[in-house]
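Just below is one structure, and these are the notes that go with it.
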Amino acid sequence: MATTTAQSGSVLERFPAGGPRGSWPAEEYAATQRAQGTNAQVVMDLRGDQFLVVTGTIPE
């Protein structure tokens, strides 16, 4: 039997998916946040066609 757990987290910033070639602003922002001690990750929001920088627990 599969179980689910509550998901908690927050979106720190949103970036459009259609950035200039070779530009990774979401990854750069997440790296800056991690350097400051925040556990930030980049995920793709397919419906919104954007990259989200999130912190906390994210669904798999």
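Labels for the structure tokens follow display order: chains A, B, ..., residues from 1 in each chain, ligands from 1.
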So that I can check the surroundings of Gly18 (chain A), please list as a list in words every protein, DNA and RNA residue that reaches within 9 Å of it, counting only C-alpha atoms and ignoring chain neighbours fewer than 3 positions away.
Phe15, Arg21, Asp49 and Gln50 of chain A
Filtered DSSP result for chain A, state alpha helix (DSSP H), as an MDAnalysis selection string:
chainID A and resid 25:35
Which of these residues is nearest to Val11 (chain A), using only C-alpha atoms: A:Val53, A:Val43, A:Ala30, A:Ala35?
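Result for the nearest residue to Val11 (chain A): A:Val53.
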For a test of reading the model, state the distance in Å between CA of Ser23 (chain A) and CA of Arg47 (chain A), rounded to one decimal.
21.3 Å
As a list in words, please: the residues near Thr55 (chain A) (cut-off 7 Å, only C-alpha atoms, same-chain neighbours under 3 positions excluded).
Gly9, Ser10, Val11, Asn39, Ala40 and Gln41 of chain A
Atoms kept (N, CA and C atoms) for selection, written as a JSON list (two decimals), in the first residue's frame:
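So the final result, stored in selection-v2.json, reads:
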[["chain", "number", "residue", "atom", "x", "y", "z"],
["A", 9, "GLY", "N", 7.13, 23.41, 1.42],
["A", 9, "GLY", "CA", 8.21, 24.10, 0.74],
["A", 9, "GLY", "C", 7.70, 25.42, 0.22],
["A", 10, "SER", "N", 8.58, 26.16, -0.40],
["A", 10, "SER", "CA", 8.14, 27.44, -0.96],
["A", 10, "SER", "C", 8.94, 27.74, -2.22],
["A", 11, "VAL", "N", 8.33, 28.53, -3.07],
["A", 11, "VAL", "CA", 8.97, 28.98, -4.30],
["A", 11, "VAL", "C", 9.70, 30.27, -3.98],
["A", 39, "ASN", "N", 18.70, 25.57, 1.25],
["A", 39, "ASN", "CA", 18.66, 24.37, 0.44],
["A", 39, "ASN", "C", 17.73, 24.62, -0.76],
["A", 40, "ALA", "N", 18.27, 25.24, -1.80],
["A", 40, "ALA", "CA", 17.47, 25.61, -2.97],
["A", 40, "ALA", "C", 17.73, 24.64, -4.11],
["A", 41, "GLN", "N", 16.65, 24.30, -4.82],
["A", 41, "GLN", "CA", 16.72, 23.42, -5.98],
["A", 41, "GLN", "C", 15.93, 24.03, -7.12]]
So the first atom is CA of Gly19 (chain A) and the second is CA of Arg34 (chain A); what is the distance between them in Å, to one decimal place?
21.8 Å
May I ask for the distance between CA of Pro16 (chain A) and CA of Thr38 (chain A), given in Å to one decimal place?
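Rounded to one decimal, the two atoms are 21.8 Å apart.
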